[in-house]
2 protein chains.
Amino acid sequence: MLAAAAGDVRIALVGLKDVLDRTLAQAARVRDRIEPVEATQVVGMAESPTGAWRDKQDSSIAVGLRLVKERRADAFVSAGNTGAIAAAAIFTLGVMDGIERPALGALYRTRAKSLAIALDVGANAECRPHFLVQFAQMGSDFMTHVFKVERPRVGLVSNGEEESKGPRLVKEAHQLLKQTDLHFIGNIEGSDIFRGVADVVVMDGFTGNVALKLSEGLVEALFLSLKDALDASLLAKVSKPLWGPPVKGVVRQWATDAGALLLGVNGNVIIGHGRSTAADIKNAIDLAARMAREGWLAAAARRNLQPSAAHLTN
Amino acid sequence: MLAAAAGDVRIALVGLKDVLDRTLAQAARVRDRIEPVEATQVVGMAESPTGAWRDKQDSSIAVGLRLVKERRADAFVSAGNTGAIAAAAIFTLGVMDGIERPALGALYRTRAKSLAIALDVGANAECRPHFLVQFAQMGSDFMTHVFKVERPRVGLVSNGEEESKGPRLVKEAHQLLKQTDLHFIGNIEGSDIFRGVADVVVMDGFTGNVALKLSEGLVEALFLSLKDALDASLLAKVSKPLWGPPVKGVVRQWATDAGALLLGVNGNVIIGHGRSTAADIKNAIDLAARMAREGWLAAAARRNLQPSAAHLTN
């Protein structure tokens with residue numbers, strides 16, 4: 001957060017009084033860019049989303065989202081309870097016109113070194129086909145306006161490339177996506193997700209959540225087995241100063257993470273991991289600032305006013 | 001294949017005449033362990049499973065599976081068309097008592113260095129809750145009898161650990177699994193799959209297929225980015241003889257793969273990747289031999305005769 005404040009971002013820091021005091025005491029250098037905003041309640045990581053909303057109207061989550069609602073902040077970033085943030089954001093900011101279900105998007109770097117967004121990675125465990133179309137549209141708008149990708153390629157995750165493949169949900173979504181003005185490239189497989197064949201990777205929230213968490217777990221497992229093997233080799237150990245820096249760069253690249261974007265609410269909301277590092281939080285703030293600067297919400301809202309895929313229902 | 005034949009395995013090699021001739025010409029050392037069996041047809045990788053079955057009764061797939069049916073072989077290993085092999089295996093060998101839908105299982109090594117099996121990784125894109133219970137049971141029987149795991153831990157993949165999490169399919173399967181005599185440890189998340197918390201990882205065939213292919217793609221992407229970084233560093237490059245061997249070991253460990261097991265048919269069937277390496281095929285043959293030796297099918301069949309979870313329907 002302090003690193004982000006050192007850029008051109010101004011931060012409203014919301015939290016309990018003693019946390020604010022402690023943080024500001026360390027922030028002398030960027031003190032003028034940070035505005036403390038007190039909240040008297042904290043939402044725990046295991047609390048029920050609706051319970052937290054009902055009982056804790058003065059939590060840092062509720063207070064921070066109200067700042068966005070009142071246009072005193074351009075974006076909300078938190079590494080708190082995902083469900084509680086999503087519920088509070090929906091209640092406080094409202095859902096965008098033309099969207100039925102907000103989705104969680106995960107931005108990631110592909111093997112082709114391009115950025116891609118995968119959604120939904122967890123907001124809707126049970127989906128209907130037209131939800132997937134709306135996810136595709138939100139992802140496209142996001143990539144178009146925030147990362148200036150022209151006609152983002154939309155891929156629908158299935159267990160085969162043929163349009164006949166997949167459960168009914170996916171087959172029906174495929175047919176709906178073909179009718180939109182999106183740049184729909186058809187079904188893609190799990191092996192394509194990191195290959196960079198699509199800029200927008202569409203899945204139901206159950207599959208997306210499993211895919212996201214599996215990816216995190218697998219990256220961790222792979223680096224641990226690499227570390228074990230290198231530690232166990234005396235030659236590798238003594239030569240560490242030679243190979244260590246590039247390997248460290250790769251580890252950092254794969255382990256860093258800006259958090260998930262809550263797309264489909266009237267406001268910029270980024271939700272970090274509970275175990276976010278300082279670098280992750282800085283990335284999340286930088287991304288939030290970029291989203292606000294590029295005015296993607298206004299652009300997406302304009303798009304939603306046109307008759308389009310988002311209004312297909314089935 | 002030749003490497004596997006060098007062990008204590010006898011191989012019936014099924015294929016077109018010229019392929020058999022060419023292979024045997026290279027196999028002088030193990031010639032007495034290989035019995036050539038001619039097939040006159042080949043099933044292409046893109047052929048429809050039922051079409052291939054109908055039109056190609058003399059393909060290597062059909063001929064090989066008949067050898068198993070007639071007990072002239074203990075197992076069938078192929079790196080051909082997955083759907084065609086599964087369909088032909090179901091028609092030729094029949095489905096085990098108590099099982100409605102055969103499933104594809106993927107055996108993998110976890111971070112805890114234990115082996116685990118994930119299933120279904122692609123046979124059933126659309127599942128009903130009691131299918132997942134049968135997958136759990138087949139996976140448990142397999143790990144018990146083939147790898148001598150006592151009371152294998154069964155985890156149900158969901159988007160949260162609480163039993164209230166997941167789409168209806170998963171929530172209902174959770175309730176059914178609790179009623180079985182399996183060692184059901186509850187829901188596990190995507191991040192747990194490689195952690196080794198479960199010996200049997202249960203998913204519907206859509207999620208499982210995406211998870212399997214995503215894992216393969218991610219491992220590939222990660223190793224490529226590591227390779228790029230190491231190649232770009234002069235110091236890393238000159239010190240490669242020092243760190244190369246342990247890294248190569250890790251790459252080999254993660255990239256090797258025995259293929260998928262078709263569980264639930266009356267015979268041992270292993271289906272390799274289309275892009276299987278020689279090492280992968282050897283692994284597949286070794287695993288097939290182990291399955292046959294441990295008599296897991298007979299043990300699983302005995303289990304299925306008892307009133308048990310497999311007979312729950314809903």
# chains A, B, ... in the order shown; residues from 1 in each chain; ligands from 1
>>> select_by_dssp(residues="segment 49-90 of chain B", states="alpha helix (DSSP H)", output="VMD selection string")
chain B and resid 49 to 55 60 to 69 82 to 90
>>> interface_residues(of="chain B", to="chain A", cutoff="7 Å", atoms="only C-alpha atoms", output="VMD selection string")
chain B and resid 111 125 to 126 159 166 to 167 189 to 194 206 to 207 209 to 211 213 to 214 216 to 218 221 225 to 226 229 to 230 233 235 to 236 239 242 to 243 246 to 247 250
>>> select_by_dssp(residues="segment 103-276 of chain A", states="strand (DSSP E)", output="number ranges by chain")
A: 103-109, 115-119, 153-157, 183-188, 200-202, 260-263, 268-271
>>> closest_residue(among="A:Met45, A:Val200, A:Ala3, A:Ile11", to="Arg29 of chain A", atoms="only C-alpha atoms")
A:Ala3
>>> residues_around(residues="Ala73 of chain B", least_positions_apart="3", cutoff="12 Å", atoms="only C-alpha atoms", output="list in words")
Val9, Arg10, Ile11, Ala12, Leu13, Val14, Glu35, Val37, Val63, Gly64, Leu65, Arg66, Leu67, Val68, Lys69, Glu70, Phe76, Val77, Gly267, Asn268, Val269, Ala288, Ala289 and Ala292 of chain B
>>> residues_around(residues="segment 261-265 of chain B", least_positions_apart="6", cutoff="7 Å", atoms="only C-alpha atoms", output="ChimeraX atom specification")
/B:89-90,93-96,99,101-106,138,271
>>> residues_around(residues="Gln134 of chain A", least_positions_apart="2", cutoff="8 Å", atoms="only C-alpha atoms", output="PyMOL selection string")
chain A and resi 99-100+130-132+136-138+309-310
>>> atom_distance(atom1="atom CA of Ala198 of chain B", atom2="atom CA of Pro152 of chain B")
7.5 Å
>>> closest_residue(among="B:Arg275, B:His145, B:Arg151, B:Arg128", to="Val170 of chain B", atoms="only C-alpha atoms")
B:Arg128
>>> atom_distance(atom1="atom CA of Ala173 of chain A", atom2="atom CA of Phe135 of chain A")
10.8 Å
